[in-house]
$ cat model.cif   # mmCIF, C-alpha atoms
data_data
loop_
_atom_site.label_atom_id
_atom_site.label_comp_id
_atom_site.auth_asym_id
_atom_site.auth_seq_id
_atom_site.Cartn_x
_atom_site.Cartn_y
_atom_site.Cartn_z
CA MET B 1 9.62 32.28 -103.98
CA GLY B 2 10.57 34.21 -100.86
CA LEU B 3 10.32 31.17 -98.60
CA GLN B 4 12.35 30.99 -95.41
CA VAL B 5 13.28 27.86 -93.53
CA TYR B 6 13.51 27.92 -89.75
CA GLU B 7 15.93 25.33 -88.44
CA PRO B 8 15.57 25.19 -84.65
CA ASN B 9 18.84 24.82 -82.76
CA PRO B 10 19.19 23.16 -79.35
CA GLU B 11 17.95 25.78 -76.91
CA SER B 12 20.41 27.62 -74.69
CA LEU B 13 19.30 27.29 -71.06
CA PRO B 14 21.48 29.63 -68.97
CA ARG B 15 18.53 30.92 -66.92
CA LEU B 16 17.59 27.37 -65.99
CA ASP B 17 21.06 26.69 -64.61
CA GLU B 18 21.09 30.06 -62.83
CA LEU B 19 17.73 29.75 -61.09
CA THR B 20 17.52 26.04 -60.33
CA GLU B 21 19.39 23.42 -58.38
CA TYR B 22 19.81 20.25 -60.46
CA VAL B 23 21.82 17.27 -59.23
CA GLU B 24 22.46 13.93 -60.90
CA ASP B 25 22.70 11.26 -58.21
CA ALA B 26 24.33 7.95 -59.22
CA ARG B 27 23.42 5.99 -56.07
CA PRO B 28 22.39 2.35 -56.70
CA ILE B 29 18.63 2.17 -57.14
CA GLY B 30 18.04 -1.55 -57.57
CA ASP B 31 15.74 -1.33 -60.59
CA GLU B 32 17.60 -2.35 -63.74
CA ARG B 33 14.63 -3.52 -65.85
CA PRO B 34 14.77 -2.56 -69.54
CA THR B 35 10.95 -2.43 -69.74
CA THR B 36 7.86 -2.42 -67.52
CA ALA B 37 6.03 -4.88 -69.76
CA THR B 38 5.95 -8.07 -67.69
CA GLU B 39 3.27 -10.73 -67.49
CA GLU B 40 3.08 -10.47 -63.69
CA LEU B 41 2.45 -6.72 -63.60
CA PRO B 42 2.33 -5.03 -66.99
CA ASP B 43 2.73 -1.43 -65.86
CA LEU B 44 5.06 -0.76 -62.93
CA THR B 45 7.40 2.22 -62.66
CA ILE B 46 9.97 1.85 -59.88
CA VAL B 47 9.75 -1.48 -58.07
CA PRO B 48 8.71 -1.08 -54.41
CA ASP B 49 11.91 -2.71 -53.13
CA ALA B 50 13.87 0.19 -54.62
CA LEU B 51 11.83 2.97 -53.03
CA ASP B 52 13.86 3.03 -49.82
CA ALA B 53 16.87 4.16 -51.91
CA VAL B 54 15.09 7.40 -52.91
CA VAL B 55 12.56 8.03 -50.10
CA GLU B 56 13.83 8.85 -46.60
CA ILE B 57 11.61 6.54 -44.59
CA ASP B 58 12.41 8.01 -41.15
CA ARG B 59 11.81 11.55 -42.40
CA PHE B 60 8.45 10.80 -43.99
CA ARG B 61 7.00 8.31 -41.53
CA GLY B 62 3.63 9.53 -40.29
CA VAL B 63 3.23 12.44 -42.73
CA ARG B 64 0.45 13.24 -45.20
CA VAL B 65 0.98 11.48 -48.55
CA LEU B 66 -0.66 11.86 -51.96
CA GLU B 67 -0.32 9.24 -54.70
CA VAL B 68 -1.50 10.05 -58.22
CA GLY B 69 -2.66 7.11 -60.30
CA PRO B 70 -2.33 4.23 -57.79
CA LYS B 71 -3.73 1.72 -60.30
CA TYR B 72 -2.59 -1.74 -59.06
CA GLY B 73 -1.83 -0.54 -55.51
CA VAL B 74 1.77 -1.76 -55.54
CA HIS B 75 3.27 1.53 -54.36
CA ALA B 76 0.26 2.21 -52.13
CA GLY B 77 1.01 -0.96 -50.19
CA TRP B 78 4.62 0.09 -49.67
CA ILE B 79 3.58 3.58 -48.54
CA ASP B 80 1.03 2.15 -46.12
CA ARG B 81 3.47 -0.39 -44.68
CA GLU B 82 6.73 1.58 -44.55
CA LEU B 83 5.61 5.20 -44.07
CA GLN B 84 2.42 4.63 -42.05
CA PRO B 85 1.04 8.01 -43.19
CA SER B 86 -1.33 10.06 -41.07
CA GLU B 87 -3.51 10.09 -44.19
CA LEU B 88 -2.94 8.56 -47.62
CA VAL B 89 -4.91 10.21 -50.40
CA PHE B 90 -5.22 8.88 -53.94
CA SER B 91 -6.03 10.88 -57.07
CA ASP B 92 -7.32 8.85 -60.00
CA PHE B 93 -10.08 8.47 -62.57
CA GLU B 94 -13.37 6.69 -61.89
CA SER B 95 -12.57 4.25 -64.70
CA ASP B 96 -9.91 2.57 -62.53
CA THR B 97 -12.13 1.83 -59.53
CA HIS B 98 -12.27 -1.87 -60.46
CA LEU B 99 -8.48 -1.99 -60.01
CA HIS B 100 -8.58 -0.18 -56.66
CA ALA B 101 -11.17 -2.57 -55.25
CA LYS B 102 -8.65 -5.42 -55.44
CA TRP B 103 -6.26 -3.94 -52.87
CA VAL B 104 -7.69 -0.97 -51.00
CA SER B 105 -9.20 -3.11 -48.20
CA SER B 106 -5.69 -4.24 -47.19
CA LEU B 107 -4.59 -0.70 -46.25
CA VAL B 108 -4.20 0.08 -42.56
CA SER B 109 -3.53 3.84 -42.73
CA PRO B 110 -6.41 6.33 -43.01
CA HIS B 111 -7.07 6.78 -46.72
CA ARG B 112 -9.45 8.23 -49.28
CA PHE B 113 -9.85 8.63 -53.04
CA VAL B 114 -10.39 11.86 -54.96
CA TYR B 115 -11.75 10.89 -58.36
CA GLY B 116 -11.65 12.98 -61.51
CA ASP B 117 -9.20 14.93 -63.61
CA LEU B 118 -6.28 15.97 -61.40
CA ARG B 119 -6.20 19.42 -63.02
CA GLU B 120 -9.65 20.12 -61.60
CA ALA B 121 -9.46 18.10 -58.38
CA ASN B 122 -10.41 21.01 -56.12
CA GLU B 123 -11.21 18.60 -53.30
CA LEU B 124 -7.45 18.13 -52.92
CA ARG B 125 -7.07 21.87 -52.32
CA GLU B 126 -9.67 21.80 -49.56
CA VAL B 127 -7.70 19.40 -47.35
CA GLU B 128 -4.47 19.93 -45.45
CA PRO B 129 -1.51 20.08 -47.91
CA PHE B 130 0.77 17.11 -48.39
CA ASP B 131 4.34 16.52 -47.25
CA LEU B 132 5.09 13.87 -49.87
CA VAL B 133 3.68 13.25 -53.35
CA PHE B 134 4.12 10.19 -55.55
CA PHE B 135 3.67 11.10 -59.23
CA LEU B 136 4.94 7.99 -61.00
CA GLY B 137 4.38 7.08 -64.63
CA VAL B 138 1.58 9.59 -65.18
CA LEU B 139 2.85 12.78 -66.83
CA TYR B 140 3.59 11.51 -70.33
CA HIS B 141 0.07 10.06 -70.63
CA SER B 142 -1.14 13.66 -70.85
CA ILE B 143 -0.27 16.70 -72.92
CA HIS B 144 -1.25 19.00 -70.02
CA HIS B 145 2.07 18.91 -68.20
CA LEU B 146 2.07 22.39 -66.69
CA PRO B 147 -1.48 22.27 -65.24
CA LEU B 148 -0.75 18.87 -63.68
CA LEU B 149 2.55 19.91 -62.10
CA GLY B 150 1.01 23.22 -61.07
CA MET B 151 -1.86 21.50 -59.26
CA LEU B 152 0.59 19.24 -57.41
CA ASN B 153 2.50 22.35 -56.35
CA ARG B 154 -0.67 23.91 -54.94
CA VAL B 155 -1.53 20.88 -52.80
CA THR B 156 2.01 20.37 -51.44
CA LYS B 157 3.47 22.09 -48.39
CA PRO B 158 6.34 24.58 -48.96
CA GLY B 159 9.50 22.51 -48.88
CA GLY B 160 7.49 19.36 -49.56
CA THR B 161 8.82 16.55 -51.73
CA MET B 162 7.58 14.94 -54.93
CA LEU B 163 8.91 11.63 -56.22
CA PHE B 164 8.36 11.91 -59.96
CA GLU B 165 8.88 9.37 -62.74
CA THR B 166 8.17 9.70 -66.45
CA THR B 167 9.04 8.34 -69.85
CA VAL B 168 11.43 10.77 -71.56
CA ASP B 169 12.62 11.44 -75.10
CA PRO B 170 16.42 11.07 -75.43
CA ARG B 171 17.02 14.19 -77.53
CA PRO B 172 19.11 16.97 -75.93
CA ASP B 173 16.84 19.95 -76.59
CA ALA B 174 13.98 21.14 -74.38
CA LEU B 175 11.00 19.72 -76.22
CA VAL B 176 7.90 17.58 -75.78
CA ARG B 177 7.32 14.88 -78.38
CA LEU B 178 3.63 14.44 -79.13
CA ARG B 179 2.59 10.86 -79.88
CA TRP B 180 -0.63 9.43 -81.26
CA PRO B 181 -0.16 5.66 -80.94
CA GLU B 182 -2.49 2.99 -82.31
CA ASN B 183 -4.62 3.03 -79.17
CA GLY B 184 -5.57 6.61 -80.01
CA LYS B 185 -4.51 8.04 -76.65
CA ALA B 186 -2.56 11.29 -76.88
CA LYS B 187 0.82 11.31 -75.16
CA GLY B 188 3.35 14.08 -74.55
CA VAL B 189 6.85 12.70 -73.94
CA PRO B 190 9.30 15.34 -72.62
CA THR B 191 13.07 15.42 -72.84
CA ILE B 192 15.11 15.78 -69.66
CA GLN B 193 15.64 19.48 -70.42
CA ALA B 194 11.89 19.95 -70.93
CA VAL B 195 11.21 18.23 -67.60
CA ARG B 196 13.62 20.62 -65.89
CA LEU B 197 11.88 23.62 -67.45
CA GLU B 198 8.39 22.38 -66.62
CA LEU B 199 9.34 21.72 -63.02
CA ALA B 200 11.03 25.12 -62.63
CA TRP B 201 8.07 26.94 -64.17
CA THR B 202 5.63 25.26 -61.75
CA GLY B 203 7.57 25.88 -58.53
CA TRP B 204 9.83 22.82 -58.25
CA ARG B 205 13.29 24.36 -58.65
CA LYS B 206 15.31 21.86 -56.58
CA VAL B 207 15.57 18.61 -58.51
CA THR B 208 17.62 15.44 -58.17
CA ARG B 209 17.70 12.90 -60.99
CA PHE B 210 18.63 9.32 -60.07
CA THR B 211 20.77 8.23 -62.99
CA ASP B 212 21.07 4.57 -61.96
CA TYR B 213 17.32 4.09 -62.35
CA ARG B 214 16.72 1.67 -65.23
CA PRO B 215 19.83 2.70 -67.21
CA GLY B 216 19.44 2.43 -70.97
CA SER B 217 15.64 2.70 -70.79
CA THR B 218 13.52 5.72 -71.70
CA GLU B 219 12.44 6.21 -68.07
CA ALA B 220 13.72 8.88 -65.67
CA LEU B 221 13.24 9.23 -61.91
CA PHE B 222 13.42 12.56 -60.05
CA ARG B 223 13.03 13.82 -56.48
CA CYS B 224 11.72 17.39 -56.45
CA GLU B 225 11.34 19.98 -53.72
CA LYS B 226 8.64 22.63 -53.77
CA THR B 227 10.43 25.98 -53.77
CA ASP B 228 7.75 28.43 -54.89
CA GLU B 229 4.07 29.01 -54.24
CA LEU B 230 1.95 29.71 -57.32
CA ARG B 231 -0.09 32.86 -56.94
CA ASP B 232 -3.89 32.62 -57.13
CA GLY B 233 -4.90 32.55 -60.77
CA ALA B 234 -1.32 32.09 -61.99
CA ASP B 235 -0.39 29.10 -64.13
CA LEU B 236 3.35 29.62 -63.67
CA SER B 237 5.79 30.59 -60.95
CA ASP B 238 7.02 34.17 -60.74
CA VAL B 239 10.47 33.00 -61.89
CA VAL B 240 9.15 32.94 -65.47
CA THR B 241 7.06 35.48 -67.38
CA PRO B 242 4.17 34.09 -69.45
CA HIS B 243 4.44 34.93 -73.14
CA ARG B 244 1.04 36.58 -73.01
CA PRO B 245 -0.02 37.33 -69.41
CA ARG B 246 -3.71 37.17 -68.69
#
$ encode --input "model.cif" --output "structure tokens"
Amino acid sequence: MGLQVYEPNPESLPRLDELTEYVEDARPIGDERPTTATEELPDLTIVPDALDAVVEIDRFRGVRVLEVGPKYGVHAGWIDRELQPSELVFSDFESDTHLHAKWVSSLVSPHRFVYGDLREANELREVEPFDLVFFLGVLYHSIHHLPLLGMLNRVTKPGGTMLFETTVDPRPDALVRLRWPENGKAKGVPTIQAVRLELAWTGWRKVTRFTDYRPGSTEALFRCEKTDELRDGADLSDVVTPHRPR
């Protein structure tokens, strides 16, 4: 019948290894939980007590900090207490304001919320850029990975740091698994190789993965450094050529 079958092979990634710095760090993290589903707090990425293993407190004390999706305020409390930021800014959706109201009054550091879709949160681009970004447990809830990571690049200082956590798919190829669970919410779960590509394409080409973080789970924790500025109007860094440039 003239039909052809395309069997995709695991993608060769020599350019990724050539143009990026990727380190796997086996330091003890102190978070060995197999799942985040607990009765006390049903949705927690890295436990606050483990943050000092991956965030240099002395280096980041007093800097500008952005947290995306603060939700229950567990990490916000740690940031406020340990880092004492000059300003702590939160990016989240209006629908979570009832959660924020339970803890925001306890913060001592100057703080504010920017509500709305992060991809279009232009208010973040109108303030002084951030030294440190917390982007924990957010990416896989969206299928718009590149616009999200690109926006975080634009609001971070050159050389700034992003602590990034996401659910990952264990397969070896660079792919994003699309899920449509019973709750009807679309999810895009990347593999480790896909995460590396997405970060490199959006200007985060120095990446450390903490391999002791929740071993055996489907969660991965990274520390990323902003290496490239995205040009005005560009969705991707100049290290990669869009398939069809605008």
$ residues_around --input "model.cif" --residues "range 80-95 of chain B" --least-positions-apart "3" --cutoff "7 Å" --atoms "all atoms listed in the file" --output "list in words"
Ile57, Phe60, Arg61, Gly62, Val63, Arg64, Val65, Leu66, Glu67, Val68, Gly69, Pro70, Ala76, Gly77, Leu107, Val108, Ser109, Pro110, His111, Arg112, Phe113, Val114, Tyr115, Gly116, Asp117 and Leu118 of chain B
$ closest_residue --input "model.cif" --among "B:Ala186, B:Ile192, B:Leu148, B:Leu136" --to "Thr166 in chain B" --atoms "only C-alpha atoms"
B:Leu136
$ atom_distance --input "model.cif" --atom1 "CA of Lys71 in chain B" --atom2 "CA of His100 in chain B"
6.4 Å
$ atom_distance --input "model.cif" --atom1 "CA of Ala200 in chain B" --atom2 "CA of Glu32 in chain B"
28.3 Å
$ resolve_selection --input "model.cif" --expression "the PyMOL selection byres ((chain B and resi 236-246) around 9)" --output "ChimeraX atom specification"
/B:19,146-147,150,200-203,228-231,234-235
$ residues_around --input "model.cif" --residues "Val47 in chain B" --least-positions-apart "3" --cutoff "12 Å" --atoms "all atoms listed in the file" --output "tab-separated table (two decimals) with C-alpha atoms, keeping the file's coordinate frame"
chain	number	residue	atom	x	y	z
B	29	ILE	CA	18.63	2.17	-57.14
B	30	GLY	CA	18.04	-1.55	-57.57
B	31	ASP	CA	15.74	-1.33	-60.59
B	32	GLU	CA	17.60	-2.35	-63.74
B	33	ARG	CA	14.63	-3.52	-65.85
B	35	THR	CA	10.95	-2.43	-69.74
B	36	THR	CA	7.86	-2.42	-67.52
B	41	LEU	CA	2.45	-6.72	-63.60
B	43	ASP	CA	2.73	-1.43	-65.86
B	44	LEU	CA	5.06	-0.76	-62.93
B	50	ALA	CA	13.87	0.19	-54.62
B	51	LEU	CA	11.83	2.97	-53.03
B	52	ASP	CA	13.86	3.03	-49.82
B	53	ALA	CA	16.87	4.16	-51.91
B	54	VAL	CA	15.09	7.40	-52.91
B	73	GLY	CA	-1.83	-0.54	-55.51
B	74	VAL	CA	1.77	-1.76	-55.54
B	75	HIS	CA	3.27	1.53	-54.36
B	76	ALA	CA	0.26	2.21	-52.13
B	77	GLY	CA	1.01	-0.96	-50.19
B	78	TRP	CA	4.62	0.09	-49.67
B	136	LEU	CA	4.94	7.99	-61.00
B	165	GLU	CA	8.88	9.37	-62.74
B	213	TYR	CA	17.32	4.09	-62.35
B	214	ARG	CA	16.72	1.67	-65.23
B	221	LEU	CA	13.24	9.23	-61.91
$ closest_residue --input "model.cif" --among "B:Glu21, B:Gly137, B:Glu219, B:Gly233" --to "Pro34 in chain B" --atoms "all atoms listed in the file"
B:Glu219
$ atom_distance --input "model.cif" --atom1 "CA of Glu123 in chain B" --atom2 "CA of Ile143 in chain B"
22.5 Å
$ closest_residue --input "model.cif" --among "B:Leu197, B:Pro181, B:Met151, B:Leu132" --to "Glu225 in chain B" --atoms "only C-alpha atoms"
B:Leu132
$ closest_residue --input "model.cif" --among "B:Arg205, B:Tyr140, B:Leu152, B:Thr45" --to "Ser217 in chain B" --atoms "all atoms listed in the file"
B:Thr45
$ closest_residue --input "model.cif" --among "B:Thr227, B:Glu11, B:Ala121, B:Ser142" --to "Trp180 in chain B" --atoms "only C-alpha atoms"
B:Ser142
$ resolve_selection --input "model.cif" --expression "the PyMOL selection byres ((chain B and resi 176) around 10)" --output "compact mmCIF listing (two decimals) with C-alpha atoms, in the frame of the given file"
# COMPACT_ATOMS: atom_id res chain seq x y z
CA TYR B 140 3.59 11.51 -70.33
CA ILE B 143 -0.27 16.70 -72.92
CA HIS B 145 2.07 18.91 -68.20
CA VAL B 168 11.43 10.77 -71.56
CA ASP B 169 12.62 11.44 -75.10
CA ARG B 171 17.02 14.19 -77.53
CA ASP B 173 16.84 19.95 -76.59
CA ALA B 174 13.98 21.14 -74.38
CA LEU B 175 11.00 19.72 -76.22
CA ARG B 177 7.32 14.88 -78.38
CA LEU B 178 3.63 14.44 -79.13
CA ARG B 179 2.59 10.86 -79.88
CA LYS B 187 0.82 11.31 -75.16
CA GLY B 188 3.35 14.08 -74.55
CA VAL B 189 6.85 12.70 -73.94
CA PRO B 190 9.30 15.34 -72.62
CA THR B 191 13.07 15.42 -72.84
CA ILE B 192 15.11 15.78 -69.66
CA GLN B 193 15.64 19.48 -70.42
CA ALA B 194 11.89 19.95 -70.93
CA VAL B 195 11.21 18.23 -67.60
$ resolve_selection --input "model.cif" --expression "the PyMOL selection byres ((chain B and resi 162) around 8)" --output "PDB file with C-alpha atoms, keeping the file's coordinate frame"
ATOM      1  CA  LEU B 132       5.090  13.870 -49.870  1.00  0.00           C
ATOM      2  CA  VAL B 133       3.680  13.250 -53.350  1.00  0.00           C
ATOM      3  CA  PHE B 134       4.120  10.190 -55.550  1.00  0.00           C
ATOM      4  CA  PHE B 135       3.670  11.100 -59.230  1.00  0.00           C
ATOM      5  CA  GLY B 160       7.490  19.360 -49.560  1.00  0.00           C
ATOM      6  CA  THR B 161       8.820  16.550 -51.730  1.00  0.00           C
ATOM      7  CA  LEU B 163       8.910  11.630 -56.220  1.00  0.00           C
ATOM      8  CA  PHE B 164       8.360  11.910 -59.960  1.00  0.00           C
ATOM      9  CA  ARG B 223      13.030  13.820 -56.480  1.00  0.00           C
ATOM     10  CA  CYS B 224      11.720  17.390 -56.450  1.00  0.00           C
ATOM     11  CA  GLU B 225      11.340  19.980 -53.720  1.00  0.00           C
ATOM     12  CA  LYS B 226       8.640  22.630 -53.770  1.00  0.00           C
TER      13      LYS B 226
END
$ closest_residue --input "model.cif" --among "B:Phe210, B:Phe222, B:Trp204, B:Asp131" --to "Thr20 in chain B" --atoms "all atoms listed in the file"
B:Trp204
